[in-house]
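File shown here: data_11.txt, holding compact mmCIF, C-alpha atoms.
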# COMPACT_ATOMS: atom_id res chain seq x y z
CA MET A 1 -9.96 -23.23 -2.32
CA ALA A 2 -12.27 -26.18 -1.89
CA ASP A 3 -13.45 -25.52 1.64
CA LEU A 4 -12.85 -21.84 2.14
CA LYS A 5 -15.02 -19.99 4.64
CA TYR A 6 -15.36 -16.24 5.11
CA GLU A 7 -16.18 -14.51 8.37
CA SER A 8 -16.37 -10.79 9.11
CA PRO A 9 -16.47 -10.29 12.89
CA THR A 10 -17.26 -6.88 14.37
CA THR A 11 -15.10 -7.15 17.50
CA THR A 12 -11.43 -7.91 18.12
CA GLU A 13 -12.43 -10.61 20.62
CA ALA A 14 -14.53 -12.38 18.00
CA ALA A 15 -11.67 -12.19 15.50
CA VAL A 16 -9.27 -13.73 18.02
CA ALA A 17 -11.74 -16.56 18.73
CA LEU A 18 -12.23 -17.25 15.01
CA LEU A 19 -8.49 -17.26 14.31
CA ALA A 20 -7.83 -19.53 17.28
CA ALA A 21 -10.58 -21.93 16.21
CA GLY A 22 -9.34 -21.88 12.62
CA GLY A 23 -5.95 -23.17 13.69
CA GLY A 24 -3.09 -22.73 11.26
CA MET A 25 -5.48 -22.67 8.30
CA ALA A 26 -7.07 -19.32 9.17
CA ARG A 27 -5.79 -16.06 7.72
CA VAL A 28 -6.45 -12.44 8.60
CA PHE A 29 -7.94 -10.58 5.65
CA ALA A 30 -7.67 -6.78 5.44
CA GLY A 31 -6.46 -5.27 2.15
CA GLY A 32 -5.83 -8.67 0.60
CA THR A 33 -3.17 -7.34 -1.77
CA ASP A 34 -0.68 -9.97 -0.60
CA LEU A 35 -3.11 -12.59 0.73
CA LEU A 36 -5.28 -12.94 -2.38
CA VAL A 37 -2.19 -13.05 -4.61
CA GLN A 38 -0.72 -15.86 -2.49
CA MET A 39 -4.03 -17.73 -2.68
CA HIS A 40 -4.29 -17.13 -6.43
CA GLU A 41 -0.80 -18.56 -6.88
CA GLU A 42 -1.65 -21.46 -4.53
CA MET A 43 1.24 -20.61 -2.24
CA ILE A 44 -1.25 -20.89 0.62
CA GLU A 45 -4.63 -22.62 0.83
CA PRO A 46 -6.40 -21.26 3.89
CA THR A 47 -9.76 -22.70 4.97
CA LEU A 48 -10.92 -19.55 6.76
CA LEU A 49 -10.57 -15.85 5.98
CA VAL A 50 -11.24 -13.52 8.91
CA ASP A 51 -12.07 -10.12 7.43
CA ILE A 52 -11.16 -7.48 10.02
CA LYS A 53 -12.53 -4.52 8.06
CA ASN A 54 -15.86 -4.56 9.87
CA ILE A 55 -14.21 -4.08 13.27
CA GLU A 56 -14.63 -0.36 13.84
CA GLU A 57 -11.35 0.27 15.67
CA MET A 58 -9.38 -1.32 12.81
CA ARG A 59 -10.59 1.36 10.39
CA LYS A 60 -9.56 4.41 12.39
CA ILE A 61 -6.59 6.75 12.71
CA THR A 62 -6.74 8.21 16.24
CA PHE A 63 -4.53 10.86 17.80
CA GLU A 64 -3.97 9.85 21.42
CA THR A 65 -1.93 11.41 24.25
CA ASP A 66 1.43 9.89 23.36
CA TYR A 67 0.97 8.50 19.88
CA VAL A 68 -1.05 8.17 16.70
CA ARG A 69 -2.85 4.86 16.44
CA ILE A 70 -3.31 3.46 12.93
CA GLY A 71 -5.86 0.64 12.84
CA ALA A 72 -4.76 -2.51 11.05
CA ALA A 73 -7.33 -2.10 8.26
CA VAL A 74 -6.56 1.55 7.44
CA THR A 75 -5.50 1.75 3.80
CA GLY A 76 -2.49 3.53 2.35
CA ALA A 77 -4.80 5.97 0.57
CA GLU A 78 -6.45 6.88 3.88
CA LEU A 79 -3.05 7.56 5.47
CA GLY A 80 -2.12 9.89 2.61
CA GLU A 81 -5.41 11.78 2.96
CA ASN A 82 -4.87 12.44 6.68
CA ASP A 83 -3.19 15.87 6.70
CA LYS A 84 -2.33 15.79 10.40
CA LEU A 85 -0.57 12.44 10.07
CA VAL A 86 1.24 13.53 6.91
CA ALA A 87 2.50 16.64 8.75
CA MET A 88 3.72 14.54 11.71
CA TRP A 89 5.24 11.57 9.89
CA PRO A 90 5.77 12.52 6.22
CA GLY A 91 8.45 9.85 5.78
CA VAL A 92 6.23 7.03 7.01
CA VAL A 93 3.41 8.16 4.74
CA GLU A 94 5.67 8.56 1.70
CA ALA A 95 7.00 5.05 2.30
CA VAL A 96 3.47 3.63 2.43
CA GLU A 97 2.52 5.55 -0.71
CA LEU A 98 5.35 3.86 -2.63
CA ILE A 99 3.68 0.48 -2.16
CA GLY A 100 2.04 -0.48 -5.47
CA SER A 101 -0.33 1.50 -7.65
CA TYR A 102 -3.25 3.77 -6.76
CA GLN A 103 -5.42 0.68 -7.08
CA VAL A 104 -3.30 -1.16 -4.53
CA GLN A 105 -3.18 1.92 -2.28
CA GLY A 106 -6.97 1.82 -2.01
CA ARG A 107 -6.72 -1.58 -0.34
CA ALA A 108 -3.25 -2.22 1.07
CA THR A 109 -2.52 -1.54 4.75
CA ILE A 110 0.64 -0.62 6.66
CA ALA A 111 -0.05 -3.49 9.08
CA GLY A 112 -0.28 -5.90 6.17
CA ASN A 113 2.99 -4.63 4.73
CA LEU A 114 4.58 -5.45 8.10
CA CYS A 115 2.89 -8.86 8.44
CA ASN A 116 3.90 -9.90 4.92
CA ALA A 117 7.46 -9.65 6.28
CA SER A 118 9.22 -8.94 3.00
CA PRO A 119 12.77 -7.72 3.65
CA ALA A 120 12.05 -5.08 0.98
CA ALA A 121 8.75 -3.81 2.44
CA ASP A 122 8.80 -0.05 2.00
CA SER A 123 6.90 0.98 5.11
CA VAL A 124 8.94 -1.14 7.52
CA PRO A 125 12.26 0.81 7.61
CA ALA A 126 10.22 4.01 7.89
CA MET A 127 8.30 2.57 10.85
CA ILE A 128 11.46 1.30 12.55
CA ALA A 129 13.07 4.73 12.15
CA ALA A 130 9.93 6.27 13.62
CA GLY A 131 10.15 4.04 16.68
CA ALA A 132 6.75 2.57 15.81
CA ARG A 133 5.20 -0.12 17.99
CA VAL A 134 2.83 -2.91 17.03
CA CYS A 135 -0.29 -3.81 19.00
CA ILE A 136 -1.09 -7.50 18.80
CA ALA A 137 -4.17 -9.39 20.01
CA GLY A 138 -4.18 -13.12 20.55
CA PRO A 139 -5.56 -16.03 22.58
CA THR A 140 -3.33 -15.15 25.55
CA GLY A 141 -4.20 -11.46 25.55
CA LYS A 142 -2.76 -8.29 24.09
CA LEU A 143 0.84 -7.21 23.70
CA GLU A 144 2.74 -4.25 22.31
CA ILE A 145 6.24 -4.61 20.83
CA PRO A 146 8.63 -2.51 18.71
CA VAL A 147 8.17 -3.10 14.97
CA GLU A 148 11.67 -4.53 14.57
CA GLN A 149 10.94 -7.22 17.18
CA MET A 150 8.20 -8.67 14.99
CA LEU A 151 10.54 -9.41 12.08
CA VAL A 152 12.07 -12.89 12.15
CA SER A 153 13.12 -13.81 8.61
CA PRO A 154 11.87 -13.28 5.04
CA GLY A 155 8.12 -13.98 5.13
CA LYS A 156 8.14 -14.82 8.83
CA THR A 157 7.05 -12.73 11.82
CA SER A 158 7.01 -13.43 15.54
CA LEU A 159 3.21 -13.78 15.51
CA VAL A 160 2.05 -17.16 16.83
CA GLN A 161 -1.11 -19.00 15.87
CA GLY A 162 -4.21 -16.97 16.64
CA GLU A 163 -2.37 -13.68 17.05
CA PHE A 164 -2.92 -10.72 14.75
CA VAL A 165 -1.90 -7.08 14.49
CA THR A 166 -4.66 -4.71 15.60
CA SER A 167 -2.88 -1.36 15.20
CA ILE A 168 0.42 0.43 14.67
CA LEU A 169 1.48 3.20 17.06
CA LEU A 170 3.61 6.12 15.89
CA PRO A 171 4.92 8.29 18.73
CA ASN A 172 3.89 11.94 18.92
CA ARG A 173 6.51 14.38 17.66
CA SER A 174 8.32 17.20 19.39
CA SER A 175 8.79 20.34 17.33
CA ASN A 176 12.04 20.29 15.33
CA ALA A 177 11.51 16.72 14.24
CA GLY A 178 11.42 15.24 10.76
CA ASP A 179 11.55 11.91 8.97
CA ALA A 180 12.08 10.65 5.44
CA TYR A 181 12.12 7.44 3.40
CA LEU A 182 13.98 6.85 0.15
CA ARG A 183 14.38 3.70 -1.91
CA PHE A 184 16.24 2.70 -5.02
CA ILE A 185 14.30 0.88 -7.75
CA PRO A 186 15.33 0.19 -11.37
CA ARG A 187 12.03 1.61 -12.68
CA THR A 188 10.46 4.92 -11.70
CA GLU A 189 7.30 3.44 -10.16
CA MET A 190 5.64 0.13 -9.25
CA ASP A 191 8.73 -1.80 -8.23
CA ILE A 192 10.31 -3.51 -5.23
CA ALA A 193 13.05 -1.76 -3.26
CA VAL A 194 16.63 -2.78 -4.01
CA VAL A 195 17.60 -0.64 -1.03
CA GLY A 196 15.25 1.28 1.28
CA VAL A 197 16.26 3.78 3.98
CA GLY A 198 14.10 5.34 6.70
CA VAL A 199 15.42 8.14 8.91
CA SER A 200 13.90 10.04 11.80
CA ILE A 201 15.65 13.06 13.34
CA GLU A 202 15.04 15.41 16.25
CA LEU A 203 16.97 18.67 16.64
CA ASN A 204 17.42 20.82 19.74
CA ALA A 205 16.97 24.61 19.80
CA ASP A 206 20.54 25.11 18.50
CA GLY A 207 19.93 22.91 15.47
CA VAL A 208 22.02 20.07 16.89
CA CYS A 209 20.73 16.53 16.52
CA SER A 210 19.25 15.33 19.81
CA SER A 211 17.99 11.95 18.64
CA ALA A 212 18.16 9.91 15.46
CA ARG A 213 17.10 6.52 14.17
CA LEU A 214 18.08 5.09 10.80
CA SER A 215 16.76 1.85 9.37
CA LEU A 216 17.66 -0.11 6.24
CA GLY A 217 15.45 -2.39 4.17
CA ALA A 218 16.24 -4.90 1.40
CA VAL A 219 19.89 -5.27 2.40
CA SER A 220 19.52 -8.03 5.01
CA ALA A 221 17.11 -10.84 5.87
CA THR A 222 14.88 -8.39 7.70
CA ALA A 223 14.70 -4.62 7.80
CA GLN A 224 17.09 -3.45 10.52
CA LEU A 225 17.81 -0.56 12.82
CA VAL A 226 21.34 0.72 12.20
CA GLU A 227 22.42 1.24 15.81
CA ALA A 228 25.64 3.08 14.88
CA ALA A 229 23.77 5.84 13.04
CA SER A 230 22.36 7.33 16.22
CA GLY A 231 25.83 7.75 17.76
CA ILE A 232 27.12 9.43 14.59
CA LEU A 233 24.28 11.95 14.32
CA VAL A 234 23.41 12.82 17.93
CA GLY A 235 25.32 15.82 19.26
CA ASN A 236 26.25 16.99 15.78
CA LYS A 237 25.14 19.25 12.98
CA LEU A 238 25.03 17.88 9.47
CA ASP A 239 28.41 18.29 7.75
CA ASP A 240 30.48 16.23 5.33
CA THR A 241 32.39 14.42 8.09
CA VAL A 242 29.15 13.30 9.73
CA LEU A 243 27.63 12.29 6.39
CA ASP A 244 30.73 10.29 5.42
CA ALA A 245 30.62 8.43 8.74
CA LEU A 246 26.90 7.83 8.30
CA ALA A 247 27.36 6.43 4.79
CA SER A 248 30.07 4.07 6.06
CA ALA A 249 27.92 2.91 8.97
CA ALA A 250 24.95 2.22 6.67
CA SER A 251 27.11 0.32 4.17
CA GLU A 252 28.75 -1.70 6.95
CA ALA A 253 25.35 -2.75 8.28
CA CYS A 254 24.47 -4.39 4.94
CA SER A 255 24.48 -8.12 4.34
CA PRO A 256 22.47 -8.20 1.11
CA ILE A 257 21.65 -10.89 -1.40
CA ASP A 258 23.10 -10.80 -4.90
CA ASP A 259 20.42 -10.94 -7.55
CA LYS A 260 19.44 -9.57 -10.95
CA ARG A 261 17.94 -6.48 -9.35
CA GLY A 262 21.08 -5.48 -7.47
CA THR A 263 24.48 -6.95 -6.72
CA ILE A 264 25.91 -7.08 -3.19
CA GLU A 265 28.39 -4.35 -4.09
CA PHE A 266 25.70 -2.10 -5.56
CA ARG A 267 23.27 -2.52 -2.68
CA THR A 268 26.00 -1.89 -0.12
CA LYS A 269 27.16 1.30 -1.85
CA VAL A 270 23.63 2.61 -2.48
CA ALA A 271 22.65 2.04 1.18
CA GLY A 272 25.30 4.59 2.16
CA VAL A 273 24.26 7.07 -0.52
CA LEU A 274 20.55 6.85 0.32
CA ALA A 275 21.25 7.02 4.07
CA CYS A 276 22.84 10.43 3.52
CA ARG A 277 20.16 11.70 1.15
CA ALA A 278 17.30 10.57 3.40
CA THR A 279 19.00 12.09 6.45
CA LYS A 280 19.34 15.44 4.65
CA ILE A 281 15.61 15.41 3.81
CA ALA A 282 14.63 14.47 7.38
CA TRP A 283 16.95 17.18 8.68
CA GLN A 284 15.43 19.85 6.44
CA ARG A 285 11.96 18.83 7.57
CA ALA A 286 13.07 19.02 11.22
CA GLU A 287 14.44 22.53 10.67
CA LYS A 288 11.19 23.65 9.08
CA ASN A 289 8.98 22.30 11.87
CA MET B 1 -19.78 -24.86 0.35
CA ALA B 2 -21.93 -22.06 1.59
CA ARG B 3 -22.64 -19.44 -1.03
CA HIS B 4 -23.02 -15.91 0.25
CA HIS B 5 -25.95 -13.79 -0.80
CA ILE B 6 -24.82 -10.24 -1.49
CA THR B 7 -26.76 -7.09 -2.32
CA THR B 8 -24.74 -4.30 -3.84
CA THR B 9 -25.10 -1.36 -6.21
CA ILE B 10 -23.45 -1.59 -9.61
CA ASN B 11 -23.55 1.44 -11.90
CA GLY B 12 -26.43 2.84 -9.88
CA ASP B 13 -28.58 -0.29 -10.02
CA GLU B 14 -29.20 -2.56 -7.07
CA VAL B 15 -27.81 -5.99 -7.90
CA GLU B 16 -28.08 -9.25 -6.00
CA PHE B 17 -25.74 -12.14 -6.52
CA ALA B 18 -24.60 -15.32 -4.83
CA CYS B 19 -20.92 -16.09 -4.62
CA GLU B 20 -18.48 -18.48 -3.08
CA PRO B 21 -16.19 -17.11 -0.34
CA GLY B 22 -13.07 -17.19 -2.51
CA GLN B 23 -14.61 -15.66 -5.62
CA THR B 24 -13.10 -12.31 -6.54
CA LEU B 25 -15.13 -9.31 -7.63
CA LEU B 26 -13.60 -9.86 -11.06
CA GLU B 27 -14.99 -13.42 -11.20
CA VAL B 28 -18.36 -12.28 -9.87
CA LEU B 29 -18.65 -9.56 -12.50
CA ARG B 30 -17.58 -11.72 -15.42
CA THR B 31 -18.98 -15.13 -14.45
CA GLU B 32 -21.95 -14.56 -12.15
CA LEU B 33 -23.20 -11.30 -13.66
CA GLY B 34 -22.03 -11.61 -17.27
CA MET B 35 -20.44 -8.17 -17.13
CA THR B 36 -17.40 -8.92 -19.25
CA GLY B 37 -16.35 -5.32 -19.82
CA THR B 38 -14.02 -5.71 -16.83
CA LYS B 39 -10.99 -7.57 -18.15
CA ASN B 40 -8.90 -10.30 -16.56
CA GLY B 41 -5.21 -9.57 -17.05
CA CYS B 42 -2.75 -10.87 -14.48
CA GLY B 43 -5.05 -11.78 -11.60
CA SER B 44 -2.48 -10.50 -9.12
CA GLY B 45 -2.91 -6.74 -8.99
CA ASP B 46 -0.02 -5.90 -11.27
CA CYS B 47 -1.61 -4.94 -14.58
CA GLY B 48 -4.70 -2.90 -13.70
CA ALA B 49 -6.83 -4.38 -16.51
CA CYS B 50 -9.60 -5.20 -14.01
CA THR B 51 -9.68 -1.72 -12.43
CA VAL B 52 -13.17 -0.77 -11.23
CA ILE B 53 -14.29 1.88 -8.77
CA VAL B 54 -15.63 0.71 -5.41
CA ASN B 55 -16.94 3.32 -2.96
CA ASP B 56 -15.22 6.05 -4.99
CA ARG B 57 -11.81 4.35 -4.95
CA PRO B 58 -10.16 2.68 -7.94
CA ILE B 59 -9.20 -0.88 -7.06
CA ASN B 60 -8.14 -4.06 -8.83
CA ALA B 61 -11.24 -6.27 -8.99
CA CYS B 62 -8.98 -9.34 -8.88
CA LEU B 63 -7.87 -8.34 -5.35
CA VAL B 64 -11.35 -7.86 -3.86
CA LEU B 65 -13.70 -10.66 -2.86
CA GLY B 66 -17.35 -10.67 -3.86
CA VAL B 67 -18.36 -11.35 -0.24
CA GLU B 68 -16.94 -7.99 0.81
CA LEU B 69 -19.35 -6.04 -1.35
CA GLU B 70 -22.51 -6.03 0.74
CA GLY B 71 -23.83 -2.47 0.50
CA ALA B 72 -20.95 -1.25 -1.67
CA GLN B 73 -21.15 1.12 -4.64
CA VAL B 74 -19.41 -0.38 -7.66
CA GLU B 75 -18.71 1.44 -10.93
CA THR B 76 -17.63 -0.56 -13.97
CA ILE B 77 -16.96 0.30 -17.59
CA GLU B 78 -20.54 -0.69 -18.48
CA GLY B 79 -21.77 2.35 -16.55
CA MET B 80 -19.35 4.89 -17.95
CA ALA B 81 -21.36 6.12 -20.96
CA GLU B 82 -24.71 7.85 -20.41
CA GLY B 83 -26.88 5.79 -22.73
CA THR B 84 -25.38 6.34 -26.18
CA GLU B 85 -23.38 9.38 -25.07
CA LEU B 86 -19.80 8.48 -24.39
CA HIS B 87 -17.96 9.78 -21.35
CA PRO B 88 -15.41 12.46 -22.40
CA LEU B 89 -12.58 10.03 -21.61
CA GLN B 90 -14.11 7.39 -23.90
CA GLN B 91 -14.57 9.96 -26.68
CA LYS B 92 -11.00 11.23 -26.35
CA PHE B 93 -9.64 7.67 -26.43
CA LEU B 94 -11.41 7.27 -29.78
CA ASP B 95 -10.27 10.68 -31.05
CA HIS B 96 -6.63 10.00 -30.14
CA ALA B 97 -6.71 6.31 -31.16
CA ALA B 98 -5.51 5.64 -27.63
CA LEU B 99 -5.96 1.90 -27.85
CA GLN B 100 -4.79 -0.99 -29.92
CA CYS B 101 -6.01 -4.38 -28.74
CA GLY B 102 -8.23 -2.77 -26.10
CA ILE B 103 -7.77 -5.23 -23.23
CA CYS B 104 -6.26 -2.61 -20.95
CA THR B 105 -8.73 0.10 -21.99
CA PRO B 106 -11.64 -0.42 -19.56
CA GLY B 107 -9.24 -0.48 -16.62
CA ILE B 108 -7.38 2.58 -17.84
CA LEU B 109 -10.62 4.48 -18.42
CA ASN B 110 -11.82 3.71 -14.89
CA MET B 111 -8.46 4.61 -13.37
CA ALA B 112 -8.32 7.84 -15.38
CA LYS B 113 -11.87 8.72 -14.30
CA ALA B 114 -11.04 8.20 -10.62
CA PHE B 115 -7.73 10.02 -11.04
CA LEU B 116 -9.29 13.08 -12.71
CA ALA B 117 -11.96 13.23 -10.01
CA LYS B 118 -9.13 13.85 -7.52
CA ASN B 119 -6.85 15.83 -9.79
CA PRO B 120 -8.86 17.61 -12.52
CA ASP B 121 -5.89 19.58 -13.84
CA PRO B 122 -2.93 17.18 -13.89
CA THR B 123 0.47 17.58 -15.52
CA GLU B 124 1.61 14.96 -18.02
CA SER B 125 3.92 13.53 -15.39
CA GLU B 126 1.06 13.25 -12.89
CA VAL B 127 -1.04 11.40 -15.45
CA ARG B 128 1.81 8.96 -16.07
CA TYR B 129 2.20 8.30 -12.34
CA GLY B 130 -1.57 8.11 -11.97
CA LEU B 131 -1.72 5.37 -14.57
CA ALA B 132 1.41 3.55 -13.37
CA GLY B 133 -0.74 0.66 -12.15
CA ASN B 134 -2.17 0.06 -15.62
CA LEU B 135 -0.07 -1.84 -18.13
CA CYS B 136 -0.64 -1.66 -21.89
CA ARG B 137 1.21 -4.43 -23.68
CA CYS B 138 0.66 -2.76 -27.04
CA THR B 139 2.74 0.11 -25.56
CA GLY B 140 0.39 2.84 -26.58
CA TYR B 141 1.11 4.98 -23.54
CA ASP B 142 1.74 8.28 -25.30
CA LYS B 143 -1.64 8.34 -26.99
CA ILE B 144 -3.31 7.27 -23.75
CA VAL B 145 -1.67 10.08 -21.81
CA ARG B 146 -2.58 12.63 -24.49
CA ALA B 147 -6.18 11.43 -24.50
CA VAL B 148 -6.43 11.72 -20.71
CA LEU B 149 -4.94 15.24 -20.73
CA ASP B 150 -7.31 16.29 -23.52
CA ALA B 151 -10.30 14.81 -21.70
CA ALA B 152 -9.25 16.57 -18.50
CA GLN B 153 -9.22 19.89 -20.31
CA GLU B 154 -12.66 19.29 -21.78
CA MET B 155 -14.07 18.13 -18.45
CA ARG B 156 -12.77 21.30 -16.77
CA ALA B 157 -14.32 23.58 -19.40
CA PRO B 158 -17.14 21.78 -21.19
CA ILE B 159 -17.91 23.17 -24.62

Structure re-expressed in structure tokens:
Amino acid sequence: MADLKYESPTTTEAAVALLAAGGGMARVFAGGTDLLVQMHEEMIEPTLLVDIKNIEEMRKITFETDYVRIGAAVTGAELGENDKLVAMWPGVVEAVELIGSYQVQGRATIAGNLCNASPAADSVPAMIAAGARVCIAGPTGKLEIPVEQMLVSPGKTSLVQGEFVTSILLPNRSSNAGDAYLRFIPRTEMDIAVVGVGVSIELNADGVCSSARLSLGAVSATAQLVEAASGILVGNKLDDTVLDALASAASEACSPIDDKRGTIEFRTKVAGVLACRATKIAWQRAEKN
Amino acid sequence: MARHHITTTINGDEVEFACEPGQTLLEVLRTELGMTGTKNGCGSGDCGACTVIVNDRPINACLVLGVELEGAQVETIEGMAEGTELHPLQQKFLDHAALQCGICTPGILNMAKAFLAKNPDPTESEVRYGLAGNLCRCTGYDKIVRAVLDAAQEMRAPI
């Protein structure tokens, strides 16, 4: 960290200019719970940190016409304290709240969890299931893409030099909608997902599924949308036949690694089990709403 | 390298310090300010030994930079007792012998203080989850949990 500089711009434009000028050696700094660890372990040696926490729009959760906008510097703790957001997207919030300890929650951001691009990131399957979009600012302007489009490979996103995430958009909910996130970990707390499943469901007035998205984490190089799940759930009520088909579809979508935390066989099986459990929770929430 | 001049409030007192951009709050407290009550455990946010309270939130001081603290309110273990009168949590940790080597204790006390401020009447399970980000390598968790529950009771209904 010989020549490290720190800047805390107050506008997005200034942050873009600083990141562009800093070249590949500049890093965005929000919660720092991944960044400072990587610096501490000398995995990266940036020369410039651009702290985005003094940009007002990055600190806000705003309810807009079609979506909720979560600024890139909003912490996990702040998400959990926002009752309206928790009521709309309980699964997304519960996924975020599984990331680290209370101490980490006070700093870590959902945008950072996405940008760190771990295949096991808890909030990412929940966001993909939610149909979340990412707002990105960069030297060539602004763009908005689905969360899943930003994921390239473990540790790598589609962001190019000078670009950074400014906010995450979660669509507004109809009534009769619910979501859920479940993960398997060997401990009971403070661990990394061996399998993670996010599900979002909408039901029509007859209690039949009208739309569904299911996403898996930690069982492939990036979190993924399980396309087949939608076809299995939509048009149906939840019964054993549907759940069996859903479990098979989730397991078939897996291409996991084999490591000490979970074998390929285990991860593949558990993906099916958790897909069903998470879907049941999302379904119950949809029925209650 | 440019050193940043920061004015912040620590345990109610205005404090000024100069720090390098990469220096963590943990390093600032221990090295620049000589406040060694905050302990350095893992340096990567896993063990909670360096837990302090910044703007009413418990955080790992190893994952915060000193340069971020302009205008912040910081609470460390040095400010927990009122003069010679121990905070109820500190007293209950003594009463229950809820520490062995003591390295994790300042962080656990700060985390417990922040936790009880949000949840004054927790269950045992809630206390265990609340302290999940604090590791004790002497494995004295049961006594710690009992001390926190006892302190919570006393803080709800002071004698």

For the atom pair atom CA of Thr7 of chain B and atom CA of Asp34 of chain A, what is the interatomic distance in Å to one decimal place? 26.3 Å

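The two atoms in question, atom CA of Ala180 of chain A and atom CA of Arg213 of chain A, are spaced 10.9 Å apart.
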
Would you mind listing, as a PyMOL selection string, all residues of chain B that have at least one atom within 9 Å of chain A, where only C-alpha atoms are what counts? chain B and resi 1-2+20-22+24+43-46+48+51-52+57-60+62-65+67-68+111+115+129-134

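Note that the spacing between atom CA of Ser174 of chain A and atom CA of Leu98 of chain A amounts to 25.9 Å.
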
Would you list the contacts of Gly23 of chain A as an mmCIF file with C-alpha atoms, in the frame of the given file, taking every protein, DNA or RNA residue within 9 Å and counting all atoms listed in the file, but skipping same-chain residues closer than 3 positions in sequence?
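So the final result, stored in selection-v1.cif, reads:
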data_model
loop_
_atom_site.group_PDB
_atom_site.id
_atom_site.type_symbol
_atom_site.label_atom_id
_atom_site.label_comp_id
_atom_site.auth_asym_id
_atom_site.auth_seq_id
_atom_site.Cartn_x
_atom_site.Cartn_y
_atom_site.Cartn_z
ATOM 1 C CA LEU A 18 -12.230 -17.250 15.010
ATOM 2 C CA LEU A 19 -8.490 -17.260 14.310
ATOM 3 C CA ALA A 20 -7.830 -19.530 17.280
ATOM 4 C CA ALA A 26 -7.070 -19.320 9.170
ATOM 5 C CA GLN A 161 -1.110 -19.000 15.870
ATOM 6 C CA GLY A 162 -4.210 -16.970 16.640
#

Asn110 of chain B: which residues within 9 Å, counting all atoms listed in the file, same-chain residues fewer than 2 positions away excluded, as a compact mmCIF listing (two decimals) with C-alpha atoms, in the frame of the given file?
# COMPACT_ATOMS: atom_id res chain seq x y z
CA THR B 51 -9.68 -1.72 -12.43
CA VAL B 52 -13.17 -0.77 -11.23
CA ILE B 53 -14.29 1.88 -8.77
CA PRO B 58 -10.16 2.68 -7.94
CA GLU B 75 -18.71 1.44 -10.93
CA THR B 76 -17.63 -0.56 -13.97
CA ILE B 77 -16.96 0.30 -17.59
CA MET B 80 -19.35 4.89 -17.95
CA THR B 105 -8.73 0.10 -21.99
CA PRO B 106 -11.64 -0.42 -19.56
CA GLY B 107 -9.24 -0.48 -16.62
CA ILE B 108 -7.38 2.58 -17.84
CA ALA B 112 -8.32 7.84 -15.38
CA LYS B 113 -11.87 8.72 -14.30
CA ALA B 114 -11.04 8.20 -10.62
CA PHE B 115 -7.73 10.02 -11.04

Around the point (30.5, 0.7, 9.3) in the file's coordinates, collect all residues with an atom within 12 Å, using all atoms listed in the file, and return them as number ranges by chain. A: 226-229, 231-232, 244-255, 268-269, 271-272

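Close contacts of Gly131 of chain A, defined as residues with an atom at most 9 Å away when counting all atoms listed in the file, with chain neighbours fewer than 3 positions off set aside, comprise Ala126, Met127, Ile128, Pro146, Val147, Glu148, Leu169, Leu170, Pro171, Ser200 and Arg213 of chain A.
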
So that I can check the surroundings of Glu124 of chain B, please list as a short mmCIF file (atom, residue, chain, number, x, y, z; two decimals) with C-alpha atoms, in the coordinates of the input every protein, DNA and RNA residue that reaches within 10 Å of it, counting all atoms listed in the file and ignoring chain neighbours fewer than 5 positions away.
data_model
loop_
_atom_site.label_atom_id
_atom_site.label_comp_id
_atom_site.auth_asym_id
_atom_site.auth_seq_id
_atom_site.Cartn_x
_atom_site.Cartn_y
_atom_site.Cartn_z
CA TYR B 129 2.20 8.30 -12.34
CA GLY B 130 -1.57 8.11 -11.97
CA ASP B 142 1.74 8.28 -25.30
CA VAL B 145 -1.67 10.08 -21.81
CA ARG B 146 -2.58 12.63 -24.49
CA VAL B 148 -6.43 11.72 -20.71
CA LEU B 149 -4.94 15.24 -20.73
#

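Summary of the local environment: counting only C-alpha atoms, residues at most 12 Å from Leu243 of chain A, other than itself and those fewer than 6 positions away along its chain, are A:Ala229, A:Ile232, A:Leu233, A:Asn236, A:Lys237, A:Ala249, A:Ala250, A:Gly272, A:Val273, A:Leu274, A:Ala275, A:Cys276, A:Arg277, A:Ala278, A:Thr279, A:Lys280, A:Trp283.
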